[in-house]
>>> print(open('query23.cif').read())   # mmCIF, C-alpha atoms and all ligand atoms
data_query
loop_
_atom_site.label_atom_id
_atom_site.label_comp_id
_atom_site.auth_asym_id
_atom_site.auth_seq_id
_atom_site.Cartn_x
_atom_site.Cartn_y
_atom_site.Cartn_z
CA MET A 13 -19.73 5.86 1.49
CA THR A 14 -15.99 5.47 2.14
CA GLN A 15 -14.47 2.32 0.68
CA LEU A 16 -11.12 0.65 1.09
CA ILE A 17 -9.66 -2.46 -0.50
CA VAL A 18 -6.22 -3.95 0.06
CA HIS A 19 -4.21 -6.83 -1.38
CA GLY A 20 -1.22 -8.61 0.09
CA GLY A 21 -0.23 -10.45 -3.07
CA ALA A 22 -1.52 -13.19 -5.37
CA GLY A 23 0.08 -16.55 -5.92
CA HIS A 24 0.28 -20.28 -5.62
CA GLY A 25 -0.78 -20.09 -2.00
CA ILE A 26 -0.61 -17.78 0.99
CA ALA A 27 2.03 -18.69 3.53
CA ASP A 28 0.79 -18.18 7.09
CA ALA A 29 -2.69 -17.12 5.93
CA GLU A 30 -4.03 -16.61 9.46
CA ARG A 31 -1.33 -14.09 10.28
CA VAL A 32 -1.73 -12.32 6.94
CA ARG A 33 -5.48 -12.03 7.62
CA LYS A 34 -4.83 -10.53 11.02
CA GLU A 35 -2.32 -8.02 9.69
CA ILE A 36 -4.60 -6.97 6.82
CA ALA A 37 -7.48 -6.46 9.28
CA LEU A 38 -5.26 -4.22 11.42
CA VAL A 39 -4.13 -1.98 8.56
CA LEU A 40 -7.69 -1.79 7.23
CA LYS A 41 -9.09 -0.62 10.57
CA ALA A 42 -6.44 2.09 10.93
CA GLY A 43 -6.80 2.94 7.23
CA MET A 44 -10.58 3.46 7.55
CA MET A 45 -10.03 6.03 10.28
CA ARG A 46 -7.47 7.84 8.17
CA LEU A 47 -9.78 7.66 5.14
CA GLN A 48 -12.64 9.26 7.05
CA GLU A 49 -10.44 11.96 8.56
CA GLN A 50 -8.02 12.80 5.77
CA GLY A 51 -9.27 11.29 2.51
CA SER A 52 -8.22 8.63 0.03
CA LEU A 53 -4.61 9.60 -0.67
CA GLU A 54 -3.58 9.73 2.99
CA ALA A 55 -5.36 6.42 3.61
CA VAL A 56 -3.59 4.42 0.88
CA ILE A 57 -0.22 5.89 1.88
CA GLN A 58 -0.74 4.97 5.53
CA ILE A 59 -1.83 1.43 4.69
CA VAL A 60 1.06 0.72 2.35
CA GLN A 61 3.55 2.29 4.76
CA GLY A 62 2.24 -0.01 7.51
CA MET A 63 2.59 -3.04 5.27
CA GLU A 64 6.12 -2.00 4.28
CA ASP A 65 7.04 -2.06 7.96
CA ASN A 66 5.68 -5.59 8.35
CA PRO A 67 8.20 -8.22 7.18
CA ILE A 68 5.43 -10.70 6.38
CA PHE A 69 4.74 -8.79 3.16
CA ASN A 70 7.01 -8.46 0.15
CA CYS A 71 7.73 -4.74 0.35
CA GLY A 72 9.87 -2.42 2.47
CA THR A 73 11.38 -4.46 5.30
CA GLY A 74 11.04 -8.08 4.21
CA SER A 75 11.25 -7.39 0.48
CA THR A 76 12.26 -10.32 -1.69
CA LEU A 77 15.89 -10.19 -2.82
CA ASN A 78 17.53 -9.94 -6.20
CA LEU A 79 20.21 -12.40 -7.37
CA ASP A 80 22.90 -10.43 -5.54
CA GLY A 81 20.97 -10.65 -2.28
CA GLU A 82 19.89 -7.01 -2.30
CA ALA A 83 16.42 -5.57 -1.69
CA GLU A 84 15.63 -3.40 -4.72
CA MET A 85 12.18 -1.98 -4.14
CA ASP A 86 9.50 -0.51 -6.43
CA ALA A 87 6.58 1.63 -5.25
CA SER A 88 4.05 4.03 -6.72
CA VAL A 89 1.06 6.17 -5.85
CA MET A 90 -1.64 7.70 -8.07
CA THR A 91 -4.76 9.80 -7.57
CA GLY A 92 -7.97 9.89 -9.63
CA ASP A 93 -7.07 13.35 -10.91
CA GLY A 94 -3.94 11.94 -12.58
CA ARG A 95 -1.16 12.72 -10.12
CA PHE A 96 1.50 9.99 -10.04
CA GLY A 97 4.85 9.36 -8.35
CA ALA A 98 7.08 6.30 -8.26
CA VAL A 99 10.47 4.90 -7.35
CA ALA A 100 12.11 1.78 -8.74
CA ALA A 101 15.10 -0.39 -7.85
CA LEU A 102 15.46 1.70 -4.72
CA GLN A 103 17.66 0.34 -1.93
CA ARG A 104 18.27 1.14 1.73
CA VAL A 105 15.18 3.17 2.50
CA ARG A 106 12.58 2.06 5.03
CA ASN A 107 9.44 3.23 3.20
CA PRO A 108 9.67 3.43 -0.60
CA ILE A 109 6.02 4.53 -0.79
CA LEU A 110 6.87 7.73 1.10
CA VAL A 111 9.64 8.47 -1.39
CA ALA A 112 7.20 7.83 -4.27
CA ARG A 113 4.84 10.32 -2.62
CA LYS A 114 7.65 12.88 -2.52
CA VAL A 115 8.32 12.33 -6.24
CA MET A 116 4.64 13.04 -6.85
CA ASP A 117 4.41 16.07 -4.58
CA GLU A 118 7.80 17.71 -5.02
CA THR A 119 8.93 17.10 -8.61
CA ASP A 120 7.65 17.30 -12.18
CA HIS A 121 8.81 13.73 -12.75
CA LEU A 122 6.86 10.51 -12.46
CA LEU A 123 9.57 7.95 -11.75
CA LEU A 124 13.02 7.96 -10.18
CA VAL A 125 15.20 4.85 -10.21
CA GLY A 126 18.24 3.34 -8.49
CA ASP A 127 20.96 5.70 -7.26
CA GLY A 128 19.09 8.81 -8.41
CA ALA A 129 16.05 7.76 -6.39
CA LEU A 130 18.28 7.05 -3.39
CA GLN A 131 19.97 10.46 -3.60
CA PHE A 132 16.56 12.11 -3.86
CA ALA A 133 15.37 10.18 -0.80
CA ARG A 134 18.40 11.17 1.24
CA ARG A 135 17.91 14.82 0.28
CA TRP A 136 14.42 14.58 1.75
CA GLY A 137 15.74 13.09 4.97
CA PHE A 138 15.06 9.38 4.45
CA VAL A 139 17.78 7.71 6.50
CA ASP A 140 19.73 4.53 5.77
CA TRP A 141 17.72 1.36 6.45
CA ASP A 142 18.43 -2.32 5.92
CA SER A 143 15.33 -4.00 4.46
CA VAL A 144 16.90 -7.47 4.17
CA THR A 145 15.53 -10.16 6.50
CA PRO A 146 16.97 -13.63 7.23
CA GLU A 147 13.77 -15.24 5.87
CA ARG A 148 14.23 -13.58 2.48
CA ARG A 149 17.91 -14.57 2.42
CA LYS A 150 16.88 -18.18 3.00
CA ALA A 151 14.25 -17.97 0.23
CA LEU A 152 16.89 -16.70 -2.21
CA GLU A 153 19.29 -19.49 -1.29
CA GLU A 154 16.55 -22.08 -1.78
CA MET A 155 15.65 -20.62 -5.13
CA LYS A 156 19.26 -20.66 -6.27
CA GLU A 157 19.56 -24.32 -5.30
CA LYS A 158 16.51 -25.17 -7.40
CA GLY A 159 17.50 -23.50 -10.64
CA SER A 160 20.24 -21.92 -12.67
CA PRO A 161 20.32 -18.23 -11.65
CA TYR A 162 20.57 -16.88 -15.20
CA PHE A 163 18.12 -19.27 -16.75
CA PRO A 164 15.57 -17.01 -18.44
CA HIS A 165 12.60 -18.86 -17.03
CA LEU A 166 14.00 -18.66 -13.57
CA HIS A 167 10.69 -17.77 -12.05
CA GLN A 168 9.09 -21.02 -13.15
CA HIS A 169 11.24 -22.68 -10.52
CA PHE A 170 9.73 -20.57 -7.88
CA LYS A 171 6.18 -21.48 -7.06
CA ASP A 172 4.55 -18.30 -8.26
CA THR A 173 4.07 -16.81 -4.85
CA TYR A 174 3.82 -13.05 -4.98
CA SER A 175 3.22 -10.87 -1.96
CA THR A 176 3.36 -7.32 -3.20
CA VAL A 177 0.92 -5.01 -1.45
CA GLY A 178 -1.59 -2.53 -2.79
CA ALA A 179 -4.42 -0.34 -1.48
CA VAL A 180 -7.25 1.46 -3.26
CA ALA A 181 -9.53 3.97 -1.53
CA ARG A 182 -12.54 6.14 -2.30
CA ASP A 183 -13.40 8.85 0.19
CA ASP A 184 -16.59 10.72 1.08
CA GLU A 185 -16.04 13.19 -1.73
CA GLY A 186 -15.67 10.35 -4.25
CA LYS A 187 -11.92 10.95 -4.63
CA LEU A 188 -9.93 7.88 -5.65
CA ALA A 189 -6.33 6.96 -4.80
CA VAL A 190 -4.13 3.89 -5.15
CA ALA A 191 -0.70 2.86 -3.87
CA THR A 192 1.39 -0.26 -4.59
CA SER A 193 4.73 -1.42 -3.16
CA THR A 194 6.98 -4.44 -3.71
CA GLY A 195 10.39 -6.03 -3.47
CA GLY A 196 9.63 -7.68 -6.81
CA ILE A 197 10.39 -11.31 -7.54
CA THR A 198 12.94 -13.43 -5.66
CA GLY A 199 16.15 -13.86 -7.66
CA LYS A 200 15.32 -11.14 -10.20
CA LEU A 201 18.28 -9.71 -12.06
CA PRO A 202 19.75 -6.62 -10.40
CA GLY A 203 18.20 -3.55 -12.02
CA ARG A 204 14.94 -5.28 -12.92
CA VAL A 205 11.94 -2.98 -12.56
CA GLY A 206 8.50 -4.52 -12.16
CA ASP A 207 4.94 -3.39 -12.73
CA SER A 208 4.50 -1.84 -9.28
CA ALA A 209 6.53 1.22 -10.28
CA ILE A 210 4.96 1.69 -13.70
CA CYS A 211 2.02 4.00 -14.28
CA GLY A 212 -0.76 1.95 -15.88
CA ALA A 213 0.88 -1.41 -15.23
CA GLY A 214 0.71 -2.20 -11.51
CA THR A 215 -0.90 1.08 -10.44
CA TYR A 216 -3.46 3.27 -12.17
CA ALA A 217 -6.14 5.79 -11.29
CA CYS A 218 -8.30 8.06 -13.42
CA SER A 219 -11.73 9.59 -13.00
CA TRP A 220 -13.34 6.21 -13.81
CA GLY A 221 -11.52 4.07 -11.32
CA ALA A 222 -8.39 3.09 -9.44
CA VAL A 223 -6.59 -0.26 -9.66
CA SER A 224 -3.63 -2.04 -8.04
CA ALA A 225 -2.15 -5.25 -9.47
CA THR A 226 -0.05 -8.09 -8.12
CA GLY A 227 1.48 -11.11 -9.79
CA HIS A 228 3.97 -11.67 -12.58
CA GLY A 229 5.14 -8.13 -13.29
CA GLU A 230 6.41 -8.77 -16.82
CA GLU A 231 2.95 -9.93 -17.92
CA ILE A 232 1.26 -7.05 -16.12
CA MET A 233 3.55 -4.49 -17.78
CA ARG A 234 3.34 -6.01 -21.24
CA HIS A 235 -0.42 -5.51 -21.24
CA MET A 236 -0.72 -2.43 -19.03
CA LEU A 237 -3.22 -4.30 -16.94
CA ALA A 238 -4.14 -1.62 -14.41
CA PHE A 239 -4.67 0.96 -17.16
CA ARG A 240 -6.87 -1.35 -19.25
CA THR A 241 -8.94 -2.27 -16.23
CA GLY A 242 -9.25 1.29 -14.94
CA GLN A 243 -10.32 2.61 -18.34
CA SER A 244 -13.00 -0.01 -18.79
CA MET A 245 -14.54 1.05 -15.47
CA LYS A 246 -16.08 3.99 -17.32
CA PHE A 247 -18.82 1.63 -18.52
CA LEU A 248 -18.34 -1.51 -16.46
CA LYS A 249 -18.64 -2.16 -12.74
CA THR A 250 -15.27 -2.85 -11.12
CA SER A 251 -15.84 -6.59 -10.64
CA ILE A 252 -16.83 -7.01 -14.30
CA ALA A 253 -13.95 -4.87 -15.56
CA ILE A 254 -11.54 -7.01 -13.53
CA GLN A 255 -13.08 -10.28 -14.74
CA GLN A 256 -12.85 -9.03 -18.31
CA SER A 257 -9.14 -8.22 -17.91
CA LEU A 258 -8.50 -11.65 -16.40
CA MET A 259 -10.49 -13.43 -19.13
CA GLU A 260 -8.65 -11.59 -21.89
CA LYS A 261 -5.36 -12.96 -20.55
CA PRO A 262 -6.18 -16.34 -19.04
CA ALA A 263 -2.54 -17.47 -18.88
CA PHE A 264 -1.55 -14.59 -16.68
CA ARG A 265 -0.65 -15.16 -13.05
CA VAL A 266 -2.07 -11.96 -11.66
CA GLY A 267 -4.44 -10.42 -9.15
CA LEU A 268 -6.31 -7.10 -9.28
CA ILE A 269 -8.24 -4.91 -6.85
CA GLY A 270 -10.14 -1.74 -7.68
CA ILE A 271 -12.87 0.79 -6.98
CA ASP A 272 -14.82 2.67 -9.66
CA TRP A 273 -16.26 6.18 -9.70
CA ARG A 274 -19.69 4.95 -8.63
CA GLY A 275 -18.20 3.30 -5.54
CA ASN A 276 -18.29 -0.32 -6.76
CA VAL A 277 -15.47 -2.36 -5.29
CA GLY A 278 -14.03 -5.47 -6.95
CA LEU A 279 -11.23 -7.96 -6.96
CA GLY A 280 -10.13 -10.98 -8.97
CA TYR A 281 -7.16 -13.24 -9.55
CA SER A 282 -6.03 -15.94 -11.94
CA THR A 283 -3.62 -17.47 -9.43
CA LYS A 284 -4.72 -20.04 -6.88
CA ALA A 285 -5.03 -17.47 -4.12
CA MET A 286 -4.81 -13.79 -3.26
CA ALA A 287 -4.64 -12.16 0.16
CA TRP A 288 -7.12 -9.28 0.32
CA GLY A 289 -9.33 -7.32 2.65
CA TYR A 290 -12.18 -4.88 2.18
CA SER A 291 -13.77 -2.35 4.47
CA ASN A 292 -16.48 0.29 4.26
CA ASP A 293 -18.34 2.33 6.89
CA GLU A 294 -20.23 -0.76 8.04
CA LYS A 295 -18.16 -3.89 7.63
CA LEU A 296 -14.78 -5.50 7.18
CA VAL A 297 -14.36 -8.59 4.97
CA LEU A 298 -11.22 -10.69 4.60
CA PHE A 299 -10.08 -13.34 2.11
N1 LIG B 301 4.14 -7.71 -9.32
C1 LIG B 301 5.36 -7.85 -8.56
C2 LIG B 301 6.52 -7.77 -9.50
O1 LIG B 301 6.51 -8.44 -10.52
C3 LIG B 301 5.43 -9.10 -7.78
C4 LIG B 301 4.28 -9.33 -6.82
O2 LIG B 301 3.13 -9.04 -7.15
O3 LIG B 301 4.54 -9.82 -5.70
O4 LIG B 301 7.45 -7.08 -9.22
#
>>> encode(input="query23.cif", output="structure tokens", more="lines below")
Ligand code: ASP
Amino acid sequence: MTQLIVHGGAGHGIADAERVRKEIALVLKAGMMRLQEQGSLEAVIQIVQGMEDNPIFNCGTGSTLNLDGEAEMDASVMTGDGRFGAVAALQRVRNPILVARKVMDETDHLLLVGDGALQFARRWGFVDWDSVTPERRKALEEMKEKGSPYFPHLHQHFKDTYSTVGAVARDDEGKLAVATSTGGITGKLPGRVGDSAICGAGTYACSWGAVSATGHGEEIMRHMLAFRTGQSMKFLKTSIAIQQSLMEKPAFRVGLIGIDWRGNVGLGYSTKAMAWGYSNDEKLVLF
């Protein structure tokens, strides 16, 4: 059976939940067709690309902004056979996930950052694109008013609302793939790289399972949350592996989605809410 699960971020709440539900349903429906026709990798790329083009999500156009008001984006893709590609702190590209895919397909590297990633993107024909929206500018201004910009616990001022996107798919042949994309956290220091670009932190796939994370990236990276969860899927069903990861770190503000090698789908979060959607050959379920 083909399986697809998507998240649109975990956090304190979900702004405009009805619209988010509708948008997730749309990408899931299109993603299921792609999954059936072209397999798991093409499906997760298509879904994340679609979400990057939708300013309601924190990735691509509509990414949250760093302290200087710039959209510095992180994205990664991984397949169950261990192929991985990522970009981090990438600016002025419409679809970071497509650049991450190029890193995976066309280089021996795993991760390109900043100017190097931008030069690489341009060489592959990704044209200049402004990802900054007025809504995200306003959010940055509000955040700056609430707290000192260089206060180390800056993010406490912001109400823990994350809206990174991720997709995990398992196709007819049992092949797994995962993709994650984000603008990071509003008011982050320029140059900050979050979990969504790091293999094993926000994105991980192996023969046992595939996982995408959302939430406070520093916590996710410190404990390599996607890797830990994916590895434990060798013996545990996805939902139990996710619950175990969340119970091990109860103070974390994170959300996880995944699919294991047997085709078990799961999700969990330690925040108040997470936007998610799931689809298989027979049904579509939304948060
Ligand atoms: N995990 C992302 C980051 O820390 C934020 C999010 O999930 O929205 O960059």
>>> residues_around(input="query23.cif", residues="Leu188 (chain A)", least_positions_apart="6", cutoff="8 Å", atoms="all atoms listed in the file", output="number ranges by chain")
A: 52-53, 91-92, 180-182, 217-219, 221-222, 271, 273
>>> atom_distance(input="query23.cif", atom1="CA of Leu102 (chain A)", atom2="CA of Phe138 (chain A)")
12.0 Å
>>> residues_near_ligand(input="query23.cif", ligand="ligand LIG 301 (chain B)", cutoff="8 Å", atoms="only C-alpha atoms and all ligand atoms", output="list in words")
Gly21, Ala22, Asn70, Asp86, Thr173, Tyr174, Ser175, Thr176, Val177, Thr194, Gly195, Gly196, Ile197, Val205, Gly206, Asp207, Ser208, Gly214, Ala225, Thr226, Gly227, His228, Gly229, Glu230, Ile232, Val266 and Gly267 of chain A
>>> atom_distance(input="query23.cif", atom1="CA of Leu79 (chain A)", atom2="CA of Gln131 (chain A)")
23.2 Å
>>> residues_near_point(input="query23.cif", point="(-13.0, -3.5, 6.7)", cutoff="10 Å", atoms="all atoms listed in the file", output="PyMOL selection string")
chain A and resi 15-18+36-44+289-298
>>> residues_around(input="query23.cif", residues="Ala213 (chain A)", least_positions_apart="3", cutoff="8 Å", atoms="all atoms listed in the file", output="PyMOL selection string")
chain A and resi 207-210+216+225+232-239
>>> write_last_selection(input="query23.cif", atoms="C-alpha atoms", output="JSON list (two decimals), keeping the file's coordinate frame")
[["chain", "number", "residue", "atom", "x", "y", "z"],
["A", 207, "ASP", "CA", 4.94, -3.39, -12.73],
["A", 208, "SER", "CA", 4.50, -1.84, -9.28],
["A", 209, "ALA", "CA", 6.53, 1.22, -10.28],
["A", 210, "ILE", "CA", 4.96, 1.69, -13.70],
["A", 216, "TYR", "CA", -3.46, 3.27, -12.17],
["A", 225, "ALA", "CA", -2.15, -5.25, -9.47],
["A", 232, "ILE", "CA", 1.26, -7.05, -16.12],
["A", 233, "MET", "CA", 3.55, -4.49, -17.78],
["A", 234, "ARG", "CA", 3.34, -6.01, -21.24],
["A", 235, "HIS", "CA", -0.42, -5.51, -21.24],
["A", 236, "MET", "CA", -0.72, -2.43, -19.03],
["A", 237, "LEU", "CA", -3.22, -4.30, -16.94],
["A", 238, "ALA", "CA", -4.14, -1.62, -14.41],
["A", 239, "PHE", "CA", -4.67, 0.96, -17.16]]
>>> axis_aligned_box(input="query23.cif", around="region 114-121 of chain A", padding_each_side="6 Å", output="JSON")
{"center_x": 6.7, "center_y": 15.0, "center_z": -7.6, "size_x": 16.5, "size_y": 17.4, "size_z": 22.2}
>>> atom_distance(input="query23.cif", atom1="CA of Val89 (chain A)", atom2="CA of Val223 (chain A)")
10.7 Å
>>> closest_residue(input="query23.cif", among="A:Glu84, A:Glu231, A:Asp272, A:Asp28", to="Ser244 (chain A)", atoms="only C-alpha atoms")
A:Asp272
>>> closest_residue(input="query23.cif", among="A:Gly186, A:Gly203, A:Gly137, A:Gly72", to="Thr14 (chain A)", atoms="all atoms listed in the file")
A:Gly186
>>> residues_around(input="query23.cif", residues="Asp80 (chain A)", least_positions_apart="6", cutoff="10 Å", atoms="all atoms listed in the file", output="PyMOL selection string")
chain A and resi 152+199-202
